[in-house]
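Visitor: Have a look at this one.
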Amino acid sequence: MPITRDEVAHLARLSRLALSDEELDHLAPQLDQIISSVAQVQEVAADGIPPTTQATGIDNVYRDDEPVPCLTPEQALSGAPAVELQRFKVPRILVEE
Amino acid sequence: MDDLTTKTAAELAAAVAAGSVSAAEVTQAHLERITAVDGDVRAFLHVNAEDALAQARAVDRRRAAGEQLGALAGVPVAVKDLFTTIGAPATCGSKILEGWYPPYESTITGRLRSAGAILIGKTNMDEFAMGSSTENSGYGPSHNPWDLARVPGGSSGGSAAAVAAYEAPLALGTDTGGSIRQPAAVCGIVGTKPTYGGSSRYGVVAFASSLDTPGPFGRTVLDAALLHEAMSGHDPMDSTSIDAPVPPVVAAARHGDVAGLRVGVVTDLSGDGYQPGVISRFTEAVELLESLGAKVTELSCPHFKYALPAYYLIAPSECSSNLARFDGMRYGLRTGGGSAEEVMAETRAAGFGAEVKRRIMLGTYALSSGYYDAYYGKAQQVRTLIIQDFEAAFSQVDVLVSPVTPTTAFQIGERADDPMAMYLADLCTIPSNLAGNAAISVPCGLADEDGLPVGLQVMAPPLADDRLYRVGAAVEAAFNSRWGHPLLTEAKGLISS
């Protein structure tokens with residue numbers, strides 16, 4: 001099932017990537033080629049085989065709920081593109097419809 | 001002591017400990033080597049000479065005060081640019097992090113500082129460790145010291161090139177699908193992917209968290225073991241870190257011996273698509289192991305052929321999630337106007353390169369509703385089959401061997417816009433990432449066609465990392481004795497200075 005250019009444009013929106021038309025034209029056939037190749041996994045992965053998410057076998061890891069030193073506000077904000085009142089300053093997140 | 005940059009890490013540490021040379025002299029010699037050759041090799045993204053010399057003088061002061069010195073005291077280590085260190089930028093080879101100074105130190109670099117190592121600079125890499133050549137770096141490719149027109153492999157290509165060009169005796173890399181072993185192989189040096197969970201990921205910028213494994217590069221098996229041991233061990237800051245003793249890798253590297261060892265040749269990792277010169281050198285290495293007393297058998301791991309497709313679903317899926325943090329809000333690049341969502345999309349489009357965009361979208365596809373079960377879910381089941389293949393194999397043999405990579409170093413530009421061709425570079429290395437076990441690349445000669453280095457891969461069960469060094473040291477000693485010198489002394493692209 002080939003992946004269409006429209007689907008690629010949709011994936012770009014989901015991925016928060018403002019891609020140009022040229023990039024979409026370039027990526028669509030590449031993604032189609034890669035996805036048809038990786039689809040081979042469907043040949044062998046029969047029902048009933050348990051999935052592996054990670055290989056250590058370690059389950060949930062807990063620590064005591066004790067305060068430990070952490071970054072100061074100055075350190076946490078040191079790489080911020082914009083700062084105001086000791087907070088990250090970001091563009092508006094709600095848009096009027 | 002003559003040219004300090006040609007000494008091994010073991011020799012340098014011993015000389016500094018004995019006081020026959022100062023850490024400052026060792027560091028100065030490597031800084032001069034970087035100045036002389038890095039314009040051609042381009043292994044480093046950031047070198048801070050003043051900071052490196054300050055670290056070295058601190059080691060010298062501690063020695064003068066009679067303090068106990070660490071195992072790597074005075075030894076320069078080059079650091080892949082995705083480890084966070086205080087006082088240096090960490091770009092991860094990406095424009096989206098240009099100029100970012102991390103506010104915290106990775107566990108591993110912190111341990112190396114405690115061991116007295118000199119963090120001499122940050123090395124080039126494929127953007128966020130996605131690639132096999134360093135061509136996906138936002139800052140231009142590094143060059144292979146054997147032939148400057150060729151890639152040094154990747155993604156840890158800058159680290160491998162730095163060690164092969166004698167700019168540092170040791171380097172840190174990370175291996176998600178082969179990103180330490182493949183560059184080590186094509187640069188003619190030693191590189192190890194430790195057992196997953198054996199080396200901490202705290203302060204290592206994430207690509208695919210269930211696969212990312214920090215590990216060492218060195219010019220000798222013993223040097224790689226020294227760095228492996230110094231960087232390893234349980235870290236409460238990484239919840240996937242294994243709470244178990246570090247395998248005795250240095251002791252193993254000092255006692256290379258394969259007599260009676262059961263070695264399995266993985267027949268599935270050969271055949272079509274493998275360069276004849278790679279297969280010839282690999283076959284010779286297997287014959288060498290046999291002549292040294294190893295019991296060699298052939299065996300099949302029938303699901304390994306599905307490792308590459310499974311990897312290119314699992315790694316992009318994890319990457320699409322991990323890289324969501326680069327949104328232009330809290331650190332790094334911010335560009336574009338309008339709402340936060342528009343700024344995020346503009347920032348990510350401007351800051352990420354083509355391969356990172358490809359993988360984010362591939363992962364988004366594999367995880368999206370309607371496709372999750374058919375792609376990501378199936379890939380996770382294949383991961384189980386690959387682990388079962390390894391378990392069956394390791395019930396019969398102690399280690400497995402294969403070539404590291406199907407071809408020698410390719411030309412810069414040759415595969416740059418052919419993602420599927422690029423992905424094949426990791427064909428032999430990916431199974432160990434999916435299974436989380438340990439594997440090493442050790443030089444085993446030069447391919448007849450092009451005179452470029454070939455690597456022997458040795459794979460061992462989880463937490464049996466010491467077996468890699470036991471085999472590696474035996475192979476290295478036997479080859480050096482046959483060749484009359486270490487392989488790297490034949491590197492022709494190296495600028496003699």
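Ligands are numbered from 1 in the order shown, chains are lettered A, B, ... in the order of the structure tokens, and residues start at 1 in each chain.
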Could you find all residues in stretch 248-487 of chain B that DSSP calls strand (DSSP E or B) from the backbone, and write them as a VMD selection string?
Guide: chain B and resid 262 to 266 295 to 299 399 to 403 411 438 to 446 453 to 460
Visitor: For the selection you just gave me, I'd like the residues written to a file as a tab-separated table (two decimals), in the first residue's frame, keeping N, CA and C atoms.
Guide:
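For reference, result14.tsv as written:
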chain	number	residue	atom	x	y	z
B	262	ARG	N	34.50	-21.56	22.64
B	262	ARG	CA	33.58	-21.96	21.56
B	262	ARG	C	33.14	-20.72	20.80
B	263	VAL	N	33.51	-20.67	19.52
B	263	VAL	CA	33.23	-19.49	18.68
B	263	VAL	C	32.24	-19.88	17.59
B	264	GLY	N	31.15	-19.13	17.46
B	264	GLY	CA	30.16	-19.41	16.43
B	264	GLY	C	30.22	-18.38	15.31
B	265	VAL	N	30.35	-18.87	14.07
B	265	VAL	CA	30.30	-17.98	12.92
B	265	VAL	C	28.84	-17.87	12.47
B	266	VAL	N	28.31	-16.65	12.45
B	266	VAL	CA	26.91	-16.45	12.08
B	266	VAL	C	26.81	-16.47	10.55
B	295	LYS	N	37.39	-23.35	19.33
B	295	LYS	CA	36.57	-24.37	18.67
B	295	LYS	C	35.52	-23.64	17.85
B	296	VAL	N	35.72	-23.59	16.54
B	296	VAL	CA	34.86	-22.79	15.67
B	296	VAL	C	33.76	-23.66	15.06
B	297	THR	N	32.53	-23.19	15.15
B	297	THR	CA	31.42	-23.86	14.47
B	297	THR	C	30.61	-22.80	13.72
B	298	GLU	N	29.90	-23.25	12.71
B	298	GLU	CA	28.99	-22.34	12.00
B	298	GLU	C	27.60	-22.53	12.56
B	299	LEU	N	26.86	-21.44	12.68
B	299	LEU	CA	25.46	-21.58	13.07
B	299	LEU	C	24.63	-20.46	12.47
B	399	VAL	N	31.00	-17.11	22.20
B	399	VAL	CA	30.90	-15.83	21.49
B	399	VAL	C	30.49	-16.11	20.05
B	400	LEU	N	29.93	-15.08	19.40
B	400	LEU	CA	29.60	-15.14	17.98
B	400	LEU	C	30.51	-14.17	17.24
B	401	VAL	N	30.82	-14.49	15.98
B	401	VAL	CA	31.64	-13.57	15.19
B	401	VAL	C	31.00	-13.34	13.83
B	402	SER	N	31.30	-12.15	13.26
B	402	SER	CA	30.83	-11.78	11.93
B	402	SER	C	31.68	-10.60	11.47
B	403	PRO	N	31.56	-10.19	10.19
B	403	PRO	CA	32.12	-8.89	9.84
B	403	PRO	C	31.36	-7.80	10.61
B	411	GLN	N	32.86	6.48	-0.17
B	411	GLN	CA	33.24	7.87	-0.50
B	411	GLN	C	32.24	8.85	0.11
B	438	ALA	N	26.48	-7.48	24.25
B	438	ALA	CA	27.74	-6.76	24.10
B	438	ALA	C	28.45	-7.17	22.82
B	439	ALA	N	29.13	-6.21	22.16
B	439	ALA	CA	29.84	-6.53	20.92
B	439	ALA	C	30.98	-5.55	20.73
B	440	ILE	N	32.03	-6.03	20.04
B	440	ILE	CA	33.24	-5.23	19.83
B	440	ILE	C	33.65	-5.30	18.37
B	441	SER	N	34.34	-4.27	17.90
B	441	SER	CA	34.99	-4.30	16.59
B	441	SER	C	36.49	-4.25	16.80
B	442	VAL	N	37.19	-5.22	16.22
B	442	VAL	CA	38.64	-5.28	16.32
B	442	VAL	C	39.21	-5.33	14.90
B	443	PRO	N	40.27	-4.56	14.59
B	443	PRO	CA	40.82	-4.57	13.23
B	443	PRO	C	41.30	-5.97	12.82
B	444	CYS	N	40.99	-6.37	11.57
B	444	CYS	CA	41.46	-7.69	11.12
B	444	CYS	C	42.10	-7.61	9.74
B	445	GLY	N	42.60	-6.43	9.36
B	445	GLY	CA	43.35	-6.34	8.10
B	445	GLY	C	42.74	-5.36	7.13
B	446	LEU	N	43.32	-5.33	5.92
B	446	LEU	CA	42.90	-4.39	4.89
B	446	LEU	C	42.29	-5.15	3.72
B	453	PRO	N	40.62	-0.53	6.00
B	453	PRO	CA	40.48	-1.46	7.13
B	453	PRO	C	39.14	-2.18	7.19
B	454	VAL	N	39.23	-3.41	7.72
B	454	VAL	CA	38.07	-4.28	7.93
B	454	VAL	C	38.03	-4.63	9.42
B	455	GLY	N	36.82	-4.69	9.97
B	455	GLY	CA	36.67	-5.02	11.38
B	455	GLY	C	36.07	-6.39	11.59
B	456	LEU	N	36.57	-7.09	12.63
B	456	LEU	CA	35.97	-8.35	13.08
B	456	LEU	C	35.02	-8.02	14.22
B	457	GLN	N	33.75	-8.44	14.09
B	457	GLN	CA	32.82	-8.25	15.20
B	457	GLN	C	32.78	-9.52	16.07
B	458	VAL	N	32.91	-9.30	17.38
B	458	VAL	CA	32.72	-10.37	18.35
B	458	VAL	C	31.52	-9.98	19.21
B	459	MET	N	30.56	-10.91	19.38
B	459	MET	CA	29.36	-10.64	20.17
B	459	MET	C	29.32	-11.60	21.34
B	460	ALA	N	28.89	-11.10	22.50
B	460	ALA	CA	28.82	-11.92	23.71
B	460	ALA	C	27.49	-11.69	24.41
Visitor: Pull out every residue of chain A that has at least one atom within 8 Å of chain B, counting only C-alpha atoms, and report them as a PyMOL selection string.
Guide: chain A and resi 8+11-19+27+30-31+34-35+37-42+44-45+49-56+58+61+71+75-81+88-95
Visitor: From the options B:Leu82, B:Ala168, B:Val21, B:Ile118, which residue's atoms come nearest to B:Pro214, counting only C-alpha atoms?
Guide: B:Leu82
Visitor: Quick one: pick out all helix (DSSP H, G or I) residues within chain A from a backbone DSSP run and write them as an MDAnalysis selection string.
Guide: chainID A and resid 5:14 21:38 41:44 73:76
Visitor: Need to verify the contact set: stretch 36-49 of chain B, 8 Å, only C-alpha atoms, exclusion of same-chain residues closer than 6 positions in sequence. Can you return it as a ChimeraX atom specification?
Guide: /B:81,88-89,120-124,139,141-145,148,157-159,161-162,165,495,497
Visitor: Generate the output file for the selected residues, N, CA and C atoms, as a PDB file, in the first residue's frame.
Guide:
ATOM      1  N   ASP B  81      29.672  14.664  20.764  1.00  0.00           N
ATOM      2  CA  ASP B  81      29.008  15.908  21.145  1.00  0.00           C
ATOM      3  C   ASP B  81      27.563  15.748  21.587  1.00  0.00           C
ATOM      4  N   ALA B  88      31.139  23.280  28.193  1.00  0.00           N
ATOM      5  CA  ALA B  88      31.308  23.114  26.746  1.00  0.00           C
ATOM      6  C   ALA B  88      29.929  22.996  26.101  1.00  0.00           C
ATOM      7  N   PRO B  89      29.814  23.427  24.852  1.00  0.00           N
ATOM      8  CA  PRO B  89      28.522  23.253  24.173  1.00  0.00           C
ATOM      9  C   PRO B  89      28.227  21.779  23.899  1.00  0.00           C
ATOM     10  N   ILE B 120      39.155  16.536  26.238  1.00  0.00           N
ATOM     11  CA  ILE B 120      39.934  17.442  25.381  1.00  0.00           C
ATOM     12  C   ILE B 120      39.075  18.157  24.354  1.00  0.00           C
ATOM     13  N   GLY B 121      37.896  17.631  24.059  1.00  0.00           N
ATOM     14  CA  GLY B 121      37.044  18.315  23.082  1.00  0.00           C
ATOM     15  C   GLY B 121      35.838  17.470  22.738  1.00  0.00           C
ATOM     16  N   LYS B 122      34.905  18.086  22.011  1.00  0.00           N
ATOM     17  CA  LYS B 122      33.657  17.429  21.620  1.00  0.00           C
ATOM     18  C   LYS B 122      33.734  17.095  20.123  1.00  0.00           C
ATOM     19  N   THR B 123      33.319  15.876  19.789  1.00  0.00           N
ATOM     20  CA  THR B 123      33.536  15.394  18.420  1.00  0.00           C
ATOM     21  C   THR B 123      32.265  15.400  17.571  1.00  0.00           C
ATOM     22  N   ASN B 124      32.516  15.475  16.284  1.00  0.00           N
ATOM     23  CA  ASN B 124      31.454  15.549  15.272  1.00  0.00           C
ATOM     24  C   ASN B 124      30.686  14.228  15.192  1.00  0.00           C
ATOM     25  N   TYR B 139      27.176  20.388  10.706  1.00  0.00           N
ATOM     26  CA  TYR B 139      28.416  21.169  10.642  1.00  0.00           C
ATOM     27  C   TYR B 139      29.422  20.578   9.658  1.00  0.00           C
ATOM     28  N   PRO B 141      30.878  17.028   7.218  1.00  0.00           N
ATOM     29  CA  PRO B 141      31.363  15.698   7.577  1.00  0.00           C
ATOM     30  C   PRO B 141      32.779  15.712   8.158  1.00  0.00           C
ATOM     31  N   SER B 142      33.093  14.675   8.927  1.00  0.00           N
ATOM     32  CA  SER B 142      34.471  14.368   9.284  1.00  0.00           C
ATOM     33  C   SER B 142      35.059  13.498   8.178  1.00  0.00           C
ATOM     34  N   HIS B 143      36.384  13.369   8.181  1.00  0.00           N
ATOM     35  CA  HIS B 143      37.079  12.648   7.107  1.00  0.00           C
ATOM     36  C   HIS B 143      37.862  11.473   7.673  1.00  0.00           C
ATOM     37  N   ASN B 144      37.892  10.385   6.904  1.00  0.00           N
ATOM     38  CA  ASN B 144      38.566   9.170   7.361  1.00  0.00           C
ATOM     39  C   ASN B 144      40.082   9.337   7.255  1.00  0.00           C
ATOM     40  N   PRO B 145      40.814   9.139   8.358  1.00  0.00           N
ATOM     41  CA  PRO B 145      42.271   9.322   8.312  1.00  0.00           C
ATOM     42  C   PRO B 145      42.992   8.364   7.356  1.00  0.00           C
ATOM     43  N   LEU B 148      41.125  10.709   3.070  1.00  0.00           N
ATOM     44  CA  LEU B 148      40.314  11.871   3.479  1.00  0.00           C
ATOM     45  C   LEU B 148      39.081  12.077   2.599  1.00  0.00           C
ATOM     46  N   GLY B 157      31.460   9.121  14.146  1.00  0.00           N
ATOM     47  CA  GLY B 157      32.595   9.190  13.227  1.00  0.00           C
ATOM     48  C   GLY B 157      33.675  10.161  13.669  1.00  0.00           C
ATOM     49  N   GLY B 158      33.292  11.256  14.310  1.00  0.00           N
ATOM     50  CA  GLY B 158      34.293  12.212  14.781  1.00  0.00           C
ATOM     51  C   GLY B 158      35.174  11.588  15.854  1.00  0.00           C
ATOM     52  N   SER B 159      34.567  10.835  16.756  1.00  0.00           N
ATOM     53  CA  SER B 159      35.335  10.178  17.826  1.00  0.00           C
ATOM     54  C   SER B 159      36.306   9.152  17.242  1.00  0.00           C
ATOM     55  N   ALA B 161      37.507   9.046  14.139  1.00  0.00           N
ATOM     56  CA  ALA B 161      38.541   9.728  13.349  1.00  0.00           C
ATOM     57  C   ALA B 161      39.579  10.370  14.265  1.00  0.00           C
ATOM     58  N   ALA B 162      39.136  10.933  15.402  1.00  0.00           N
ATOM     59  CA  ALA B 162      40.072  11.584  16.331  1.00  0.00           C
ATOM     60  C   ALA B 162      41.084  10.573  16.866  1.00  0.00           C
ATOM     61  N   ALA B 165      43.433   9.348  14.057  1.00  0.00           N
ATOM     62  CA  ALA B 165      44.369  10.395  13.616  1.00  0.00           C
ATOM     63  C   ALA B 165      45.302  10.824  14.745  1.00  0.00           C
ATOM     64  N   ILE B 495      48.200  12.543   7.900  1.00  0.00           N
ATOM     65  CA  ILE B 495      49.209  13.558   7.640  1.00  0.00           C
ATOM     66  C   ILE B 495      50.334  13.327   8.640  1.00  0.00           C
ATOM     67  N   SER B 497      53.108  14.196  10.939  1.00  0.00           N
ATOM     68  CA  SER B 497      53.605  15.434  11.548  1.00  0.00           C
ATOM     69  C   SER B 497      54.069  15.122  12.957  1.00  0.00           C
TER      70      SER B 497
END
